[in-house]
Amino acid sequence: MTRLPSPKPLRLLGWLAVIAILGFVVLPALVVAIAAFNAQAILSFPPKGWSWRWFAKAVAYQDFRLGFRNGLIVTAWASSIALVAGAAFALALERYAFPLKRTLETVLLSPLVVPHFTVGLGFLILAAQLGAARGYAVIVACHVVLVLPFVLRSVYVSLRNLDPRMELAAASLGAPPHRVLTTVTLPLLVPGLVSGWLFAAILSFNEFTASLFVTVQRTQTLPVALYNYVREYADPSMAAISVIYILATAAILTFANTFLGLAKVLNVEPSR
Amino acid sequence: MANRPLLRLLVIPAALCALGFLAALAAVMQYSLRAYVPGSLEAGGFTLANFAALMKPLYARVFFDTVWISFLTAAFTLVLGYPLAYALVHAGNIALKSAILVITVSPLFLGEVVRTYSWIIVLGNSGFVNSMLLKAGLIEQPLQLMFTQFGVVTALVHVTLPLMVIMLAAALAHIDRDYERAAASLGAGPVRAFLTVTLPLSTPGIIAGVTTAFAWTFSAFATPQLIGGGRVNMISNLVYQLGFASFNFPFAASLSVAGLLLAFLMLALLRVAARPLERLGPH
């Protein structure tokens with residue numbers, strides 16, 4: 001790859017700008033990390049003393065524990081249901097013609113543009129009208145709808161990249177359609193399925209706005225518990241749990257980048 | 001037609017999800033046309049009173065602020081996102097590229113609450129920025145950054161940036177480098193080559209990025225709620241307040257519907273405004 005000629009000062013200026021912008025992106029995470037080790041309950045910069053105690057407090061805090069557990073339950077159900085429904089529909093979309101195909105696709109992708117507070121409010125009213133107690137079912141249903149577009153897209157993209165001759169070969173050797181699906185198509189789709197499921201799980205676990213509408217005290221997920229904490233208290237426990245969050249996110253992102261190729265998943269790879 | 005049963009099996013789960021979503025939207029539409037019964041969660045008979053009540057300066061202000069904040073956020077995100085996307089696509093070595101990519105997309109995976117809380121610590125009166133400026137002797141009083149539009153837009157730009165960079169980078173990555181080389185070999189300097197070749201060819205990415213940033217910000221909730229602190233309100237904050245502070249769900253629903261219509265209207269306007277730009281893009 002030959003590089004375009006570009007005068008030194010201009011290149012330097014460009015890189016300085018990029019570093020400054022990246023600094024802006026990581027600044028909040030760095031500041032939170034410093035705040036988490038602040039010994040006092042009241043924040044100050046730079047901290048007057050250092051301590052681990054906010055981590056102990058955050059991990060032991062009952063609402064965070066409950067929120068974490070609830071979040072795992074909701075995320076496990078929502079991402080799995082979305083994976084099955086989304087992958088199946090992506091397959092139907094790519095391989096078959098059927099009535100209302102485009103309409104159904106548009107409806108399923110539209111949660112991307114409808115504000116989450118509208119979706120949350122809708123599921124809240126719907127649950128109230130159906131007389132359904134505000135349990136996990138409503139939260140899971142709401143999350144499935146919100147994360148489905150991401151699964152759909154991820155699986156659809158890997159289906160497009162799949163060589164149809166593999167399936168034709170299996171079919172010509174006498175495999176019935178369901179056998180082709182389970183022995184050829186699905187195994188080849190595994191990377192797309194994994195990245196779609198991972199995306200769905202991360203988004204569901206982090207979903208806040210709609211969750212705020214459809215959860216109650218007993219069923220609140222971690223982001224809702226965190227929000228309630230920020231509104232009530234100002235001590236660095238929240239900073240400590242944020243650090244745990246940031247480290248977990250960084251680990252997952254690095255994993256995704258190493259094993260799935262983030263650039264490929266996000267479609268930002270140069271064409272050549 | 002041998003595989004029809006298989007097809008049915010593939011479509012039914014997704015169709016059920018679509019039905020659930022449509023039912024939820026229908027519930028909002030229906031509630032927006034129902035009367036509010038004070039002290040009750042049940043809605044009354046059908047009425048247009050909610051929409052009539054929206055025609056007040058108070059709500060006009062919130063609608064205007066929502067559009068303005070979304071516009072500012074989209075514009076600043078574009079300005080910061082472009083150099084980042086350019087560096088991401090053109091970075092020579094893989095490690096550097098990966099580092100830029102992972103750092104750039106990280107805010108997207110952090111969760112709204114954690115991210116917003118981080119910005120509270122950065123922007124607060126005894127927060128990072130003010131402490132540093134006070135210590136450096138540049139200011140004598142802490143700057144009021146929290147509860148201001150500036151604070152809200154700063155935090156919104158931070159979270160919108162990943163989306164913008166992804167869309168811009170996707171467009172930049174698919175530009176044939178030969179065009180840039182051709183411009184250079186014809187004697188165009190790097191600035192000229194960028195302005196006359198790369199920038200115009202990336203317009204589809206710019207349009208997609210700005211549109212997405214706008215729509216995304218329009219529905220932001222946690223950031224204006226916590227950093228705006230009631231002094232900077234967007235439609236989402238008012239909907240929440242009406243629902244959970246006054247339990248006026250019919251009015252909250254009508255505000256949601258109005259917000260949705262406004263969002264679609266603004267996106268349509270953006271599309272019209274972008275039309276002359278599209279001609280600059282690849283054909």
# chains A, B, ... in the order shown; residues from 1 in each chain; ligands from 1
$ select_by_dssp --residues "range 98-247 of chain B" --states "helix (DSSP H, G or I)" --output "count of residues only"
111
$ residues_around --residues "Ala39 in chain A" --least-positions-apart "6" --cutoff "9 Å" --atoms "only C-alpha atoms" --output "PDB file with N, CA and C atoms, in the first residue's frame"
ATOM      1  N   PRO A  47      -7.079  13.171  44.734  1.00  0.00           N
ATOM      2  CA  PRO A  47      -7.565  12.668  46.023  1.00  0.00           C
ATOM      3  C   PRO A  47      -6.538  12.899  47.123  1.00  0.00           C
ATOM      4  N   LYS A  48      -7.026  13.121  48.344  1.00  0.00           N
ATOM      5  CA  LYS A  48      -6.101  13.357  49.461  1.00  0.00           C
ATOM      6  C   LYS A  48      -5.581  12.046  50.022  1.00  0.00           C
ATOM      7  N   GLY A  49      -6.283  10.960  49.751  1.00  0.00           N
ATOM      8  CA  GLY A  49      -5.819   9.654  50.231  1.00  0.00           C
ATOM      9  C   GLY A  49      -6.380   8.576  49.331  1.00  0.00           C
ATOM     10  N   TRP A  50      -5.812   7.368  49.461  1.00  0.00           N
ATOM     11  CA  TRP A  50      -6.244   6.291  48.573  1.00  0.00           C
ATOM     12  C   TRP A  50      -6.843   5.156  49.375  1.00  0.00           C
ATOM     13  N   SER A  51      -7.810   4.461  48.782  1.00  0.00           N
ATOM     14  CA  SER A  51      -8.465   3.375  49.506  1.00  0.00           C
ATOM     15  C   SER A  51      -9.194   2.433  48.552  1.00  0.00           C
ATOM     16  N   TRP A  52      -9.327   1.178  49.006  1.00  0.00           N
ATOM     17  CA  TRP A  52     -10.073   0.180  48.229  1.00  0.00           C
ATOM     18  C   TRP A  52     -11.508   0.063  48.730  1.00  0.00           C
ATOM     19  N   ARG A  53     -11.834   0.812  49.803  1.00  0.00           N
ATOM     20  CA  ARG A  53     -13.056   0.458  50.515  1.00  0.00           C
ATOM     21  C   ARG A  53     -14.333   0.649  49.708  1.00  0.00           C
ATOM     22  N   TRP A  54     -14.317   1.539  48.694  1.00  0.00           N
ATOM     23  CA  TRP A  54     -15.540   1.741  47.909  1.00  0.00           C
ATOM     24  C   TRP A  54     -15.859   0.538  47.050  1.00  0.00           C
ATOM     25  N   PRO A 236     -18.140   7.575  46.451  1.00  0.00           N
ATOM     26  CA  PRO A 236     -17.440   6.930  45.329  1.00  0.00           C
ATOM     27  C   PRO A 236     -17.778   5.453  45.074  1.00  0.00           C
TER      28      PRO A 236
END
$ closest_residue --among "A:Leu121, A:Leu159, A:Met166, A:Ala240" --to "chain B" --atoms "only C-alpha atoms"
A:Leu121
$ interface_residues --of "chain B" --to "chain A" --cutoff "6 Å" --atoms "only C-alpha atoms" --output "VMD selection string"
chain B and resid 10 to 11 13 to 14 18 24 to 25 27 to 28 84 111 114 118 to 119 131 169 to 170 173 to 174 190 219 256
$ write_last_selection --atoms "N, CA and C atoms" --output "PDB file, in the first residue's frame"
ATOM      1  N   LEU B  10     -39.374 -20.632  10.512  1.00  0.00           N
ATOM      2  CA  LEU B  10     -38.372 -19.565  10.540  1.00  0.00           C
ATOM      3  C   LEU B  10     -38.990 -18.201  10.792  1.00  0.00           C
ATOM      4  N   VAL B  11     -40.228 -18.012  10.268  1.00  0.00           N
ATOM      5  CA  VAL B  11     -40.814 -16.668  10.308  1.00  0.00           C
ATOM      6  C   VAL B  11     -41.645 -16.418  11.569  1.00  0.00           C
ATOM      7  N   PRO B  13     -41.453 -17.001  14.942  1.00  0.00           N
ATOM      8  CA  PRO B  13     -40.930 -16.328  16.142  1.00  0.00           C
ATOM      9  C   PRO B  13     -40.748 -14.822  15.925  1.00  0.00           C
ATOM     10  N   ALA B  14     -40.173 -14.453  14.767  1.00  0.00           N
ATOM     11  CA  ALA B  14     -39.943 -13.043  14.480  1.00  0.00           C
ATOM     12  C   ALA B  14     -41.271 -12.305  14.318  1.00  0.00           C
ATOM     13  N   ALA B  18     -42.588  -8.957  16.236  1.00  0.00           N
ATOM     14  CA  ALA B  18     -43.104  -7.777  15.538  1.00  0.00           C
ATOM     15  C   ALA B  18     -44.489  -7.416  16.073  1.00  0.00           C
ATOM     16  N   ALA B  24     -47.307  -2.687  21.505  1.00  0.00           N
ATOM     17  CA  ALA B  24     -46.815  -1.680  22.442  1.00  0.00           C
ATOM     18  C   ALA B  24     -46.968  -0.278  21.861  1.00  0.00           C
ATOM     19  N   LEU B  25     -46.637  -0.135  20.567  1.00  0.00           N
ATOM     20  CA  LEU B  25     -46.792   1.177  19.927  1.00  0.00           C
ATOM     21  C   LEU B  25     -48.272   1.570  19.877  1.00  0.00           C
ATOM     22  N   ALA B  27     -50.516   0.694  21.947  1.00  0.00           N
ATOM     23  CA  ALA B  27     -50.924   1.066  23.306  1.00  0.00           C
ATOM     24  C   ALA B  27     -50.606   2.534  23.573  1.00  0.00           C
ATOM     25  N   VAL B  28     -49.422   2.984  23.104  1.00  0.00           N
ATOM     26  CA  VAL B  28     -49.051   4.389  23.300  1.00  0.00           C
ATOM     27  C   VAL B  28     -50.008   5.297  22.520  1.00  0.00           C
ATOM     28  N   LEU B  84     -11.052  11.089  13.346  1.00  0.00           N
ATOM     29  CA  LEU B  84     -10.896   9.782  13.959  1.00  0.00           C
ATOM     30  C   LEU B  84     -11.153   8.668  12.942  1.00  0.00           C
ATOM     31  N   GLY B 111     -22.726   1.574  28.844  1.00  0.00           N
ATOM     32  CA  GLY B 111     -24.005   1.754  29.537  1.00  0.00           C
ATOM     33  C   GLY B 111     -24.212   3.224  29.851  1.00  0.00           C
ATOM     34  N   VAL B 114     -23.417   4.548  33.711  1.00  0.00           N
ATOM     35  CA  VAL B 114     -22.002   4.633  34.086  1.00  0.00           C
ATOM     36  C   VAL B 114     -21.324   5.794  33.361  1.00  0.00           C
ATOM     37  N   SER B 118     -19.803   9.203  34.970  1.00  0.00           N
ATOM     38  CA  SER B 118     -18.420   9.623  34.759  1.00  0.00           C
ATOM     39  C   SER B 118     -18.348  11.094  34.380  1.00  0.00           C
ATOM     40  N   TRP B 119     -19.279  11.512  33.535  1.00  0.00           N
ATOM     41  CA  TRP B 119     -19.269  12.916  33.131  1.00  0.00           C
ATOM     42  C   TRP B 119     -19.647  13.842  34.276  1.00  0.00           C
ATOM     43  N   SER B 131     -11.455  21.359  39.326  1.00  0.00           N
ATOM     44  CA  SER B 131     -10.321  21.235  40.248  1.00  0.00           C
ATOM     45  C   SER B 131      -9.014  21.583  39.550  1.00  0.00           C
ATOM     46  N   ALA B 169     -16.223   5.726   8.870  1.00  0.00           N
ATOM     47  CA  ALA B 169     -15.135   4.817   8.506  1.00  0.00           C
ATOM     48  C   ALA B 169     -15.608   3.819   7.454  1.00  0.00           C
ATOM     49  N   ALA B 170     -16.861   3.366   7.572  1.00  0.00           N
ATOM     50  CA  ALA B 170     -17.389   2.431   6.578  1.00  0.00           C
ATOM     51  C   ALA B 170     -17.378   3.085   5.197  1.00  0.00           C
ATOM     52  N   ALA B 173     -13.658   3.675   4.088  1.00  0.00           N
ATOM     53  CA  ALA B 173     -12.965   2.427   3.770  1.00  0.00           C
ATOM     54  C   ALA B 173     -13.317   1.933   2.377  1.00  0.00           C
ATOM     55  N   HIS B 174     -14.489   2.311   1.895  1.00  0.00           N
ATOM     56  CA  HIS B 174     -14.907   1.808   0.594  1.00  0.00           C
ATOM     57  C   HIS B 174     -14.610   2.755  -0.569  1.00  0.00           C
ATOM     58  N   PRO B 190      -2.086  17.443  -0.836  1.00  0.00           N
ATOM     59  CA  PRO B 190      -2.895  16.579   0.024  1.00  0.00           C
ATOM     60  C   PRO B 190      -4.201  17.249   0.479  1.00  0.00           C
ATOM     61  N   SER B 219     -33.570  10.802  21.201  1.00  0.00           N
ATOM     62  CA  SER B 219     -34.218   9.932  22.178  1.00  0.00           C
ATOM     63  C   SER B 219     -33.363   9.715  23.417  1.00  0.00           C
ATOM     64  N   SER B 256     -45.100  11.511  23.821  1.00  0.00           N
ATOM     65  CA  SER B 256     -44.273  10.547  23.084  1.00  0.00           C
ATOM     66  C   SER B 256     -44.629  10.536  21.606  1.00  0.00           C
TER      67      SER B 256
END
$ closest_residue --among "A:Ala170, A:Ile73, A:Leu66, A:Leu16" --to "Ile139 in chain A" --atoms "only C-alpha atoms"
A:Ile73
$ atom_distance --atom1 "CA of Ala171 in chain A" --atom2 "CA of Thr185 in chain A"
11.4 Å
$ residues_around --residues "Ala75 in chain B" --least-positions-apart "3" --cutoff "10 Å" --atoms "only C-alpha atoms" --output "JSON, numbers by chain"
{"B": [69, 70, 71, 72, 78, 79, 80, 81, 157, 210, 213, 214]}
$ residues_around --residues "Ile206 in chain B" --least-positions-apart "3" --cutoff "8 Å" --atoms "only C-alpha atoms" --output "list in words"
Leu78, Met167, Leu168, Ser202, Thr203, Gly209 and Val210 of chain B
$ closest_residue --among "B:Ala193, B:Leu267, B:Ile175, B:Met164" --to "Phe218 in chain B" --atoms "only C-alpha atoms"
B:Leu267
$ atom_distance --atom1 "CA of Val191 in chain B" --atom2 "CA of Pro9 in chain A"
12.3 Å
$ residues_around --residues "range 34-38 of chain B" --least-positions-apart "4" --cutoff "10 Å" --atoms "only C-alpha atoms" --output "MDAnalysis selection string"
chainID B and resid 29:30 42:50 246:251 253:254
$ write_last_selection --atoms "N, CA and C atoms" --output "short mmCIF file (atom, residue, chain, number, x, y, z; two decimals), in the first residue's frame"
data_model
loop_
_atom_site.label_atom_id
_atom_site.label_comp_id
_atom_site.auth_asym_id
_atom_site.auth_seq_id
_atom_site.Cartn_x
_atom_site.Cartn_y
_atom_site.Cartn_z
N MET B 29 -50.25 4.93 21.25
CA MET B 29 -51.16 5.73 20.40
C MET B 29 -52.53 5.83 21.05
N GLN B 30 -53.02 4.69 21.52
CA GLN B 30 -54.36 4.63 22.09
C GLN B 30 -54.43 5.48 23.36
N GLU B 42 -55.92 4.04 35.49
CA GLU B 42 -56.80 3.76 34.37
C GLU B 42 -57.04 5.05 33.59
N ALA B 43 -57.16 4.92 32.27
CA ALA B 43 -57.43 6.09 31.47
C ALA B 43 -58.93 6.20 31.21
N GLY B 44 -59.39 7.44 30.98
CA GLY B 44 -60.81 7.66 30.74
C GLY B 44 -61.18 7.49 29.28
N GLY B 45 -62.25 8.20 28.85
CA GLY B 45 -62.76 8.08 27.49
C GLY B 45 -61.86 8.75 26.46
N PHE B 46 -62.23 8.61 25.20
CA PHE B 46 -61.42 9.17 24.13
C PHE B 46 -61.57 10.68 24.03
N THR B 47 -60.45 11.37 23.79
CA THR B 47 -60.44 12.83 23.75
C THR B 47 -59.21 13.33 23.00
N LEU B 48 -59.29 14.57 22.53
CA LEU B 48 -58.11 15.17 21.90
C LEU B 48 -57.45 16.17 22.84
N ALA B 49 -57.94 16.20 24.10
CA ALA B 49 -57.49 17.21 25.06
C ALA B 49 -55.98 17.18 25.28
N ASN B 50 -55.38 15.97 25.27
CA ASN B 50 -53.93 15.87 25.51
C ASN B 50 -53.13 16.64 24.48
N SER B 246 -46.28 12.46 38.03
CA SER B 246 -47.70 12.82 38.14
C SER B 246 -48.63 11.69 37.69
N PHE B 247 -48.07 10.55 37.28
CA PHE B 247 -48.86 9.40 36.84
C PHE B 247 -49.88 9.75 35.77
N ASN B 248 -49.57 10.80 34.99
CA ASN B 248 -50.45 11.18 33.90
C ASN B 248 -49.98 10.46 32.64
N PHE B 249 -50.28 9.16 32.57
CA PHE B 249 -49.80 8.36 31.44
C PHE B 249 -50.40 8.77 30.09
N PRO B 250 -51.69 9.16 30.05
CA PRO B 250 -52.22 9.60 28.75
C PRO B 250 -51.44 10.80 28.18
N PHE B 251 -51.10 11.76 29.05
CA PHE B 251 -50.38 12.93 28.56
C PHE B 251 -48.95 12.54 28.17
N ALA B 253 -48.10 9.73 27.02
CA ALA B 253 -48.22 9.02 25.74
C ALA B 253 -48.36 10.02 24.59
N SER B 254 -49.18 11.07 24.79
CA SER B 254 -49.37 12.02 23.69
C SER B 254 -48.08 12.79 23.42
#
